[in-house]
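Note: the block below is data30.json and it holds JSON, C-alpha atoms.
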[["chain", "number", "residue", "atom", "x", "y", "z"],
["A", 8, "ARG", "CA", 0.00, 0.00, 0.00],
["A", 9, "GLY", "CA", 1.36, 3.37, -1.01],
["A", 10, "ALA", "CA", 4.37, 1.98, -2.91],
["A", 11, "VAL", "CA", 2.80, 2.29, -6.36],
["A", 12, "ILE", "CA", 0.26, 4.69, -7.80],
["A", 13, "ALA", "CA", -1.84, 2.98, -10.46],
["A", 14, "SER", "CA", -5.29, 2.80, -11.95],
["A", 15, "PRO", "CA", -7.62, 0.18, -10.42],
["A", 16, "ARG", "CA", -7.63, -1.42, -13.89],
["A", 17, "ALA", "CA", -3.82, -1.77, -13.91],
["A", 18, "ASN", "CA", -4.04, -5.42, -12.80],
["A", 19, "LEU", "CA", -0.95, -5.20, -10.55],
["A", 20, "SER", "CA", 0.35, -8.17, -8.60],
["A", 21, "VAL", "CA", 1.89, -8.44, -5.17],
["A", 22, "ALA", "CA", 4.17, -11.30, -4.22],
["A", 23, "ASP", "CA", 6.53, -12.44, -1.50],
["A", 24, "ARG", "CA", 8.24, -14.98, -3.76],
["A", 25, "ILE", "CA", 9.58, -14.44, -7.28],
["A", 26, "VAL", "CA", 11.43, -16.30, -9.99],
["A", 27, "ALA", "CA", 14.10, -14.04, -11.44],
["A", 28, "ARG", "CA", 16.86, -13.96, -13.99],
["A", 29, "LEU", "CA", 19.92, -12.59, -12.19],
["A", 30, "PHE", "CA", 23.00, -10.99, -13.66],
["A", 31, "TRP", "CA", 25.38, -11.81, -10.81],
["A", 32, "ALA", "CA", 27.84, -9.00, -10.04],
["A", 33, "GLY", "CA", 28.79, -10.04, -6.52],
["A", 34, "GLU", "CA", 32.41, -10.75, -5.66],
["A", 35, "THR", "CA", 31.46, -14.01, -3.95],
["A", 36, "PRO", "CA", 29.24, -16.74, -5.42],
["A", 37, "LEU", "CA", 25.49, -16.79, -4.81],
["A", 38, "ALA", "CA", 24.37, -19.96, -3.05],
["A", 39, "PRO", "CA", 20.96, -21.06, -1.73],
["A", 40, "GLY", "CA", 20.24, -19.64, 1.72],
["A", 41, "GLU", "CA", 22.17, -16.40, 1.18],
["A", 42, "THR", "CA", 20.35, -13.24, 2.29],
["A", 43, "TYR", "CA", 20.32, -9.83, 0.61],
["A", 44, "TRP", "CA", 18.28, -6.67, 0.44],
["A", 45, "ALA", "CA", 16.13, -6.46, -2.68],
["A", 46, "LYS", "CA", 15.25, -3.00, -3.99],
["A", 47, "ILE", "CA", 12.11, -3.37, -6.09],
["A", 48, "GLY", "CA", 10.59, -0.07, -7.17],
["A", 49, "THR", "CA", 10.33, 2.04, -4.01],
["A", 50, "ALA", "CA", 10.43, -0.95, -1.64],
["A", 51, "THR", "CA", 13.52, -2.41, 0.01],
["A", 52, "VAL", "CA", 12.91, -5.86, 1.50],
["A", 53, "ASN", "CA", 14.90, -8.79, 2.84],
["A", 54, "ALA", "CA", 15.42, -11.50, 0.22],
["A", 55, "VAL", "CA", 16.66, -15.07, 0.57],
["A", 56, "ALA", "CA", 17.98, -17.09, -2.38],
["A", 57, "GLU", "CA", 15.66, -20.06, -1.97],
["A", 58, "ARG", "CA", 16.78, -22.10, -4.97],
["A", 59, "ILE", "CA", 19.00, -21.76, -8.04],
["A", 60, "GLU", "CA", 17.14, -23.15, -11.03],
["A", 61, "GLY", "CA", 20.08, -22.97, -13.39],
["A", 62, "ARG", "CA", 22.86, -21.00, -15.04],
["A", 63, "VAL", "CA", 22.79, -19.69, -18.61],
["A", 64, "ASP", "CA", 25.60, -21.19, -20.69],
["A", 65, "PRO", "CA", 27.22, -18.17, -22.42],
["A", 66, "GLN", "CA", 28.08, -20.23, -25.51],
["A", 67, "THR", "CA", 24.66, -21.76, -26.17],
["A", 68, "GLY", "CA", 22.24, -19.56, -24.21],
["A", 69, "GLU", "CA", 20.74, -22.74, -22.73],
["A", 70, "LEU", "CA", 19.92, -23.11, -19.03],
["A", 71, "GLU", "CA", 22.14, -25.71, -17.36],
["A", 72, "ALA", "CA", 22.09, -27.16, -13.85],
["A", 73, "ALA", "CA", 23.95, -25.13, -11.22],
["A", 74, "THR", "CA", 24.27, -25.08, -7.45],
["A", 75, "GLU", "CA", 25.61, -21.51, -7.28],
["A", 76, "LEU", "CA", 26.21, -18.46, -9.45],
["A", 77, "GLN", "CA", 29.78, -17.26, -9.85],
["A", 78, "PRO", "CA", 30.73, -13.62, -10.54],
["A", 79, "ASN", "CA", 29.49, -12.56, -14.01],
["A", 80, "ASP", "CA", 27.12, -15.56, -14.30],
["A", 81, "ILE", "CA", 23.54, -15.20, -15.49],
["A", 82, "GLY", "CA", 21.04, -17.55, -13.93],
["A", 83, "ASP", "CA", 17.48, -18.20, -12.80],
["A", 84, "VAL", "CA", 16.83, -18.05, -9.07],
["A", 85, "VAL", "CA", 13.79, -18.32, -6.78],
["A", 86, "LEU", "CA", 13.82, -15.53, -4.19],
["A", 87, "SER", "CA", 11.75, -15.45, -1.02],
["A", 88, "LEU", "CA", 10.90, -11.93, 0.23],
["A", 89, "ASP", "CA", 10.01, -11.01, 3.80],
["A", 90, "ARG", "CA", 6.81, -9.23, 2.73],
["A", 91, "ASP", "CA", 4.57, -8.68, -0.26],
["A", 92, "VAL", "CA", 5.77, -6.13, -2.83],
["A", 93, "ALA", "CA", 4.22, -4.82, -6.02],
["A", 94, "VAL", "CA", 5.84, -6.65, -8.94],
["A", 95, "ASP", "CA", 5.15, -7.52, -12.55],
["A", 96, "LEU", "CA", 6.87, -9.59, -15.17],
["A", 97, "TYR", "CA", 9.70, -7.70, -16.84],
["A", 98, "ALA", "CA", 8.16, -8.57, -20.21],
["A", 99, "ARG", "CA", 5.09, -6.50, -19.21],
["A", 100, "SER", "CA", 6.59, -3.74, -17.07],
["A", 101, "ARG", "CA", 10.15, -2.54, -16.97],
["A", 102, "GLN", "CA", 9.38, -0.37, -13.95],
["A", 103, "LEU", "CA", 7.93, -3.14, -11.74],
["A", 104, "GLY", "CA", 9.78, -6.04, -13.36],
["A", 105, "ASN", "CA", 13.36, -5.17, -12.46],
["A", 106, "PHE", "CA", 15.26, -4.93, -9.19],
["A", 107, "ILE", "CA", 18.70, -5.05, -7.61],
["A", 108, "LEU", "CA", 20.09, -7.26, -4.86],
["A", 109, "ILE", "CA", 22.29, -5.49, -2.32],
["A", 110, "SER", "CA", 24.88, -7.17, -0.12],
["A", 111, "ARG", "CA", 23.96, -6.87, 3.55],
["A", 112, "GLU", "CA", 27.67, -6.91, 4.48],
["A", 113, "THR", "CA", 29.15, -4.40, 2.04],
["A", 114, "THR", "CA", 26.04, -2.57, 0.69],
["A", 115, "ASP", "CA", 27.42, -3.18, -2.82],
["A", 116, "THR", "CA", 25.06, -4.10, -5.64],
["A", 117, "SER", "CA", 25.35, -7.89, -5.95],
["A", 118, "ALA", "CA", 22.95, -8.51, -8.82],
["A", 119, "LEU", "CA", 20.59, -7.00, -11.33],
["A", 120, "GLY", "CA", 17.38, -8.92, -11.64],
["A", 121, "LEU", "CA", 14.43, -9.35, -14.01],
["A", 122, "VAL", "CA", 11.16, -10.82, -12.72],
["A", 123, "ARG", "CA", 10.20, -13.90, -14.77],
["A", 124, "GLY", "CA", 7.50, -15.38, -12.56]]
Represent the structure contained in this file as C-alpha cells.
Amino acid sequence: RGAVIASPRANLSVADRIVARLFWAGETPLAPGETYWAKIGTATVNAVAERIEGRVDPQTGELEAATELQPNDIGDVVLSLDRDVAVDLYARSRQLGNFILISRETTDTSALGLVRG
C-alpha cells in the first residue's frame, strides 16, 4: 500500500516470492540460503535465495544445472521476500519487473534482476 500509484484497472500483482533472472555481479558466489536486500521499485525488502534453477551457458544460451552463481554468471533463481511487494513480469513492465540485490555486508550491488514469474 502506497508503494505504487496505479489505476484500479492496472491489474498489478503483489508477491513475496519471485522467480528471477539474475546478472550476478557479486564478488562471492550466490548460493541457496544467502540473504540480501532487494530494492524493487520504491520498496527495500529482505530476500533469501531459496533455490538456483540454473545457469545460462554463455556459448549456447541454454539453461544448465547449477548449485551456485559465480561472478558474471547469469542464472534463474527463486527468491523469497520477507513481505509482499508490487511486482510484474519484466516482459510486461520494466518499472515493476526489475530490481537489484544489495549485499547486507558491504552494501554493494550484488545482482541486477528481471522478474520472470
Leaving out segment 35-41 of chain A and any residue of its chain fewer than 2 positions from it, which residues lie within 9 Å of it when counting only C-alpha atoms, given as an NGL selection string?
-> :A and (31-33 or 43 or 54-59 or 74-78 or 84 or 117)
Suppose you want the space between atom CA of Arg24 of chain A and atom CA of Gly48 of chain A; what is it in Å?
-> 15.5 Å
Atom CA of Gly104 of chain A and atom CA of Val52 of chain A, how far apart in Å?
->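 Going from atom CA of Val52 of chain A over to atom CA of Gly104 of chain A, I get 15.2 Å.
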If you count all atoms listed in the file, which residues fall within 10 Å of Ala27 of chain A, apart from same-chain ones fewer than 3 positions away, as a list in words?
->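 Residues meeting the cut-off are Arg24, Phe30, Ile59, Glu60, Gly82, Asp83, Val84, Val85, Leu86, Leu96, Tyr97, Gly104, Asn105, Phe106, Leu119, Gly120, Leu121, Val122, Arg123 and Gly124 of chain A.
Of note, atom CA of Val92 of chain A and atom CA of Ala22 of chain A are spaced 5.6 Å apart.
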Which of these, A:Ala45, A:Ala10, A:Leu88, A:Val26, has the shortest distance to Thr114 of chain A once you count only C-alpha atoms?
->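 Smallest distance to Thr114 of chain A is found for A:Ala45.
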Which of these, A:Gln66, A:Ile81, A:Leu19, A:Asn53, has the shortest distance to Arg111 of chain A once you count all atoms listed in the file?
-> A:Asn53
Identify which of the residues A:Asp91, A:Asp64, A:Glu71, A:Asp115 lies closest to Ile25 of chain A, counting all atoms listed in the file when measuring atom-to-atom distances.
->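 Smallest distance to Ile25 of chain A is found for A:Asp91.
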With a distance cut-off of 12 Å and all atoms listed in the file, select the neighbouring residues of Val11 of chain A, excluding the residue or stretch itself and same-chain residues fewer than 6 positions from it, and output the selection as a PyMOL selection string.
-> chain A and resi 17+19-21+47-50+92-95+102-103
Take the residues that were just selected and, keeping C-alpha atoms, output them as a short mmCIF file (atom, residue, chain, number, x, y, z; two decimals), keeping the file's coordinate frame.
data_model
loop_
_atom_site.label_atom_id
_atom_site.label_comp_id
_atom_site.auth_asym_id
_atom_site.auth_seq_id
_atom_site.Cartn_x
_atom_site.Cartn_y
_atom_site.Cartn_z
CA ALA A 17 -3.82 -1.77 -13.91
CA LEU A 19 -0.95 -5.20 -10.55
CA SER A 20 0.35 -8.17 -8.60
CA VAL A 21 1.89 -8.44 -5.17
CA ILE A 47 12.11 -3.37 -6.09
CA GLY A 48 10.59 -0.07 -7.17
CA THR A 49 10.33 2.04 -4.01
CA ALA A 50 10.43 -0.95 -1.64
CA VAL A 92 5.77 -6.13 -2.83
CA ALA A 93 4.22 -4.82 -6.02
CA VAL A 94 5.84 -6.65 -8.94
CA ASP A 95 5.15 -7.52 -12.55
CA GLN A 102 9.38 -0.37 -13.95
CA LEU A 103 7.93 -3.14 -11.74
#
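Shortest separation to Arg90 of chain A among A:Leu29, A:Ala13, A:Asn18, A:Trp44 occurs at residue A:Trp44, atoms counted being only C-alpha atoms.
Distances here use only C-alpha atoms; by that measure, the residue among A:Ala98, A:Thr116, A:Thr51, A:Asp89 closest to Arg28 of chain A is A:Ala98.
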Where atoms are absent from segment 98-113 of chain A, fill them in so it carries N, CA and C atoms, then output it as a CSV table (one decimal), in the frame of the given file.
chain,number,residue,atom,x,y,z
A,98,ALA,N,8.7,-8.6,-18.8
A,98,ALA,CA,8.2,-8.6,-20.2
A,98,ALA,C,7.0,-7.6,-20.3
A,99,ARG,N,6.2,-7.4,-19.2
A,99,ARG,CA,5.1,-6.5,-19.2
A,99,ARG,C,5.4,-5.1,-18.7
A,100,SER,N,6.3,-5.0,-17.7
A,100,SER,CA,6.6,-3.7,-17.1
A,100,SER,C,8.1,-3.6,-16.7
A,101,ARG,N,8.7,-2.8,-17.3
A,101,ARG,CA,10.2,-2.5,-17.0
A,101,ARG,C,10.3,-1.9,-15.6
A,102,GLN,N,9.3,-1.1,-15.2
A,102,GLN,CA,9.4,-0.4,-14.0
A,102,GLN,C,9.2,-1.3,-12.8
A,103,LEU,N,8.2,-2.2,-12.8
A,103,LEU,CA,7.9,-3.1,-11.7
A,103,LEU,C,8.5,-4.5,-12.0
A,104,GLY,N,9.2,-4.7,-13.0
A,104,GLY,CA,9.8,-6.0,-13.4
A,104,GLY,C,11.3,-6.1,-13.2
A,105,ASN,N,11.9,-5.1,-12.7
A,105,ASN,CA,13.4,-5.2,-12.5
A,105,ASN,C,13.7,-4.8,-11.0
A,106,PHE,N,14.8,-5.2,-10.6
A,106,PHE,CA,15.3,-4.9,-9.2
A,106,PHE,C,16.8,-5.1,-9.1
A,107,ILE,N,17.3,-4.8,-7.9
A,107,ILE,CA,18.7,-5.0,-7.6
A,107,ILE,C,18.8,-5.8,-6.3
A,108,LEU,N,19.8,-6.6,-6.1
A,108,LEU,CA,20.1,-7.3,-4.9
A,108,LEU,C,21.3,-6.6,-4.3
A,109,ILE,N,21.2,-6.2,-3.0
A,109,ILE,CA,22.3,-5.5,-2.3
A,109,ILE,C,22.9,-6.4,-1.2
A,110,SER,N,24.2,-6.4,-1.2
A,110,SER,CA,24.9,-7.2,-0.1
A,110,SER,C,24.6,-6.5,1.2
A,111,ARG,N,24.2,-7.4,2.2
A,111,ARG,CA,24.0,-6.9,3.6
A,111,ARG,C,25.3,-6.5,4.3
A,112,GLU,N,26.4,-7.1,3.8
A,112,GLU,CA,27.7,-6.9,4.5
A,112,GLU,C,28.4,-5.7,4.0
A,113,THR,N,28.4,-5.5,2.6
A,113,THR,CA,29.2,-4.4,2.0
A,113,THR,C,28.3,-3.3,1.5
